[in-house]
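Have a look at start.cif below; it lists mmCIF, C-alpha atoms.
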data_final
loop_
_atom_site.group_PDB
_atom_site.id
_atom_site.type_symbol
_atom_site.label_atom_id
_atom_site.label_comp_id
_atom_site.auth_asym_id
_atom_site.auth_seq_id
_atom_site.Cartn_x
_atom_site.Cartn_y
_atom_site.Cartn_z
ATOM 1 C CA MET V 52 41.495 -60.517 -15.592
ATOM 2 C CA GLY V 53 42.991 -57.176 -14.591
ATOM 3 C CA GLY V 54 44.901 -54.627 -16.580
ATOM 4 C CA MET V 55 46.791 -51.342 -16.404
ATOM 5 C CA LEU V 56 45.535 -48.060 -17.751
ATOM 6 C CA SER V 57 46.088 -44.371 -17.320
ATOM 7 C CA PHE V 58 44.094 -41.268 -18.093
ATOM 8 C CA GLU V 59 44.267 -37.539 -17.475
ATOM 9 C CA VAL V 60 41.880 -35.400 -15.511
ATOM 10 C CA LYS V 61 41.416 -31.716 -16.244
ATOM 11 C CA GLY V 62 42.464 -29.476 -13.395
ATOM 12 C CA GLY V 63 45.982 -30.744 -12.759
ATOM 13 C CA ILE V 64 47.348 -31.734 -9.376
ATOM 14 C CA LYS V 65 44.371 -30.519 -7.341
ATOM 15 C CA ALA V 66 41.892 -32.420 -9.520
ATOM 16 C CA GLY V 67 43.998 -35.574 -9.354
ATOM 17 C CA GLN V 68 44.239 -35.347 -5.580
ATOM 18 C CA ARG V 69 40.508 -34.685 -5.282
ATOM 19 C CA LEU V 70 39.784 -37.794 -7.345
ATOM 20 C CA MET V 71 42.150 -39.938 -5.267
ATOM 21 C CA ASN V 72 40.520 -38.719 -2.049
ATOM 22 C CA SER V 73 37.008 -39.360 -3.400
ATOM 23 C CA LEU V 74 37.391 -43.007 -4.388
ATOM 24 C CA LYS V 75 35.836 -45.494 -1.983
ATOM 25 C CA LEU V 76 36.321 -48.959 -3.506
ATOM 26 C CA CYS V 77 39.636 -48.386 -5.267
ATOM 27 C CA SER V 78 42.672 -48.124 -3.003
ATOM 28 C CA LEU V 79 45.345 -45.454 -3.145
ATOM 29 C CA ALA V 80 48.777 -47.024 -3.672
ATOM 30 C CA VAL V 81 52.253 -46.172 -4.933
ATOM 31 C CA SER V 82 52.872 -49.724 -6.162
ATOM 32 C CA LEU V 83 50.427 -50.915 -8.779
ATOM 33 C CA GLY V 84 50.233 -54.676 -8.506
ATOM 34 C CA SER V 85 47.545 -56.567 -6.600
ATOM 35 C CA VAL V 86 44.237 -58.365 -7.042
ATOM 36 C CA ASP V 87 42.575 -55.176 -5.770
ATOM 37 C CA THR V 88 42.053 -52.116 -7.949
ATOM 38 C CA LEU V 89 44.792 -49.628 -7.102
ATOM 39 C CA VAL V 90 45.106 -46.001 -8.219
ATOM 40 C CA GLU V 91 47.983 -43.570 -8.171
ATOM 41 C CA HIS V 92 48.438 -39.866 -8.964
ATOM 42 C CA PRO V 93 52.144 -39.598 -9.882
ATOM 43 C CA ALA V 94 52.385 -35.772 -9.738
ATOM 44 C CA SER V 95 51.418 -35.745 -6.059
ATOM 45 C CA MET V 96 52.773 -39.145 -5.067
ATOM 46 C CA THR V 97 55.616 -41.118 -6.663
ATOM 47 C CA HIS V 98 56.987 -38.253 -8.780
ATOM 48 C CA ALA V 99 56.134 -35.292 -6.522
ATOM 49 C CA ALA V 100 59.789 -34.459 -5.827
ATOM 50 C CA MET V 101 60.601 -34.318 -9.538
ATOM 51 C CA PRO V 102 60.457 -30.858 -11.169
ATOM 52 C CA LYS V 103 57.300 -30.323 -13.221
ATOM 53 C CA GLU V 104 59.305 -29.747 -16.419
ATOM 54 C CA THR V 105 61.073 -33.100 -16.002
ATOM 55 C CA ARG V 106 57.794 -34.920 -15.289
ATOM 56 C CA GLU V 107 56.182 -33.376 -18.361
ATOM 57 C CA HIS V 108 59.196 -34.291 -20.508
ATOM 58 C CA LEU V 109 58.677 -37.895 -19.375
ATOM 59 C CA GLY V 110 54.958 -37.750 -20.197
ATOM 60 C CA ILE V 111 53.771 -37.429 -16.603
ATOM 61 C CA SER V 112 51.282 -34.581 -16.606
ATOM 62 C CA ASP V 113 49.827 -32.991 -13.472
ATOM 63 C CA GLY V 114 46.484 -34.659 -14.193
ATOM 64 C CA LEU V 115 47.774 -38.169 -14.972
ATOM 65 C CA VAL V 116 46.077 -40.966 -13.026
ATOM 66 C CA ARG V 117 47.327 -44.549 -13.165
ATOM 67 C CA VAL V 118 45.064 -47.503 -12.461
ATOM 68 C CA SER V 119 45.805 -51.168 -11.902
ATOM 69 C CA VAL V 120 42.432 -52.836 -12.392
ATOM 70 C CA GLY V 121 41.710 -55.614 -9.927
ATOM 71 C CA ILE V 122 39.227 -58.443 -9.740
ATOM 72 C CA GLU V 123 36.322 -56.515 -8.242
ATOM 73 C CA ASP V 124 33.102 -56.402 -10.218
ATOM 74 C CA SER V 125 33.643 -54.068 -13.173
ATOM 75 C CA GLU V 126 30.382 -52.237 -12.498
ATOM 76 C CA ASP V 127 31.552 -51.479 -8.948
ATOM 77 C CA ILE V 128 34.876 -50.107 -10.230
ATOM 78 C CA LEU V 129 33.127 -47.942 -12.829
ATOM 79 C CA ALA V 130 30.641 -46.660 -10.255
ATOM 80 C CA ASP V 131 33.508 -45.701 -7.932
ATOM 81 C CA PHE V 132 35.268 -43.736 -10.669
ATOM 82 C CA GLU V 133 32.023 -42.106 -11.773
ATOM 83 C CA GLN V 134 31.274 -40.820 -8.275
ATOM 84 C CA GLY V 135 34.902 -39.724 -7.836
ATOM 85 C CA LEU V 136 35.046 -37.895 -11.162
ATOM 86 C CA GLU V 137 31.832 -36.055 -10.338
ATOM 87 C CA LYS V 138 33.690 -34.423 -7.423
ATOM 88 C CA ILE V 139 36.392 -32.757 -9.517
#
Once more with this new file: its structure as structure tokens, please.
Amino acid sequence: MGGMLSFEVKGGIKAGQRLMNSLKLCSLAVSLGSVDTLVEHPASMTHAAMPKETREHLGISDGLVRVSVGIEDSEDILADFEQGLEKI
């Protein structure tokens, strides 16, 4: 069973982008709904055109990462995030 979650990375937009570019199993996507694990960094993707002040007012920080957890093995998903987080 999948689920939705979000978390923040320290380092803002650059750290979020670095994480997105480092993931190998999880796919980068702007629409979070699939049987595959999908990740999105709103500040540099879906909400990039929105002024920072507006994003922050809506609770979308520069370091926010959204994840739609898929049906892959949970250990594989965790390992992918661990290796990605080590790069920021």
Name the residues that the PyMOL selection byres ((chain V and resi 54-63) around 12) picks from the file above, as a compact mmCIF listing (two decimals) with C-alpha atoms, in the frame of the given file, using the file's chain letters and numbers.
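As written to disk, part-v4.txt reads:
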# COMPACT_ATOMS: atom_id res chain seq x y z
CA MET V 52 41.50 -60.52 -15.59
CA GLY V 53 42.99 -57.18 -14.59
CA ILE V 64 47.35 -31.73 -9.38
CA LYS V 65 44.37 -30.52 -7.34
CA ALA V 66 41.89 -32.42 -9.52
CA GLY V 67 44.00 -35.57 -9.35
CA GLN V 68 44.24 -35.35 -5.58
CA ARG V 69 40.51 -34.68 -5.28
CA LEU V 70 39.78 -37.79 -7.34
CA MET V 71 42.15 -39.94 -5.27
CA LEU V 83 50.43 -50.92 -8.78
CA GLY V 84 50.23 -54.68 -8.51
CA SER V 85 47.54 -56.57 -6.60
CA VAL V 86 44.24 -58.36 -7.04
CA ASP V 87 42.58 -55.18 -5.77
CA THR V 88 42.05 -52.12 -7.95
CA LEU V 89 44.79 -49.63 -7.10
CA VAL V 90 45.11 -46.00 -8.22
CA GLU V 91 47.98 -43.57 -8.17
CA HIS V 92 48.44 -39.87 -8.96
CA PRO V 93 52.14 -39.60 -9.88
CA ALA V 94 52.38 -35.77 -9.74
CA SER V 95 51.42 -35.74 -6.06
CA LYS V 103 57.30 -30.32 -13.22
CA GLU V 107 56.18 -33.38 -18.36
CA GLY V 110 54.96 -37.75 -20.20
CA ILE V 111 53.77 -37.43 -16.60
CA SER V 112 51.28 -34.58 -16.61
CA ASP V 113 49.83 -32.99 -13.47
CA GLY V 114 46.48 -34.66 -14.19
CA LEU V 115 47.77 -38.17 -14.97
CA VAL V 116 46.08 -40.97 -13.03
CA ARG V 117 47.33 -44.55 -13.16
CA VAL V 118 45.06 -47.50 -12.46
CA SER V 119 45.80 -51.17 -11.90
CA VAL V 120 42.43 -52.84 -12.39
CA GLY V 121 41.71 -55.61 -9.93
CA ILE V 122 39.23 -58.44 -9.74
CA SER V 125 33.64 -54.07 -13.17
CA PHE V 132 35.27 -43.74 -10.67
CA GLY V 135 34.90 -39.72 -7.84
CA LEU V 136 35.05 -37.90 -11.16
CA GLU V 137 31.83 -36.06 -10.34
CA LYS V 138 33.69 -34.42 -7.42
CA ILE V 139 36.39 -32.76 -9.52
- CA of Asp131 (chain V) sits from CA of Leu76 (chain V) at a separation of 6.2 Å
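Taking CA of Glu123 (chain V) and CA of Ala80 (chain V) as the two end points, the separation is 16.3 Å.
The nearest approach to Leu79 (chain V) among the residues V:Met96, V:Ala130, V:Leu109, V:Met101, with all atoms listed in the file taken into account, belongs to V:Met96.
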- Atom pair CA of Val81 (chain V) / CA of Pro102 (chain V): separation (Å):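 Computing it gives 18.5 Å between the two atoms.
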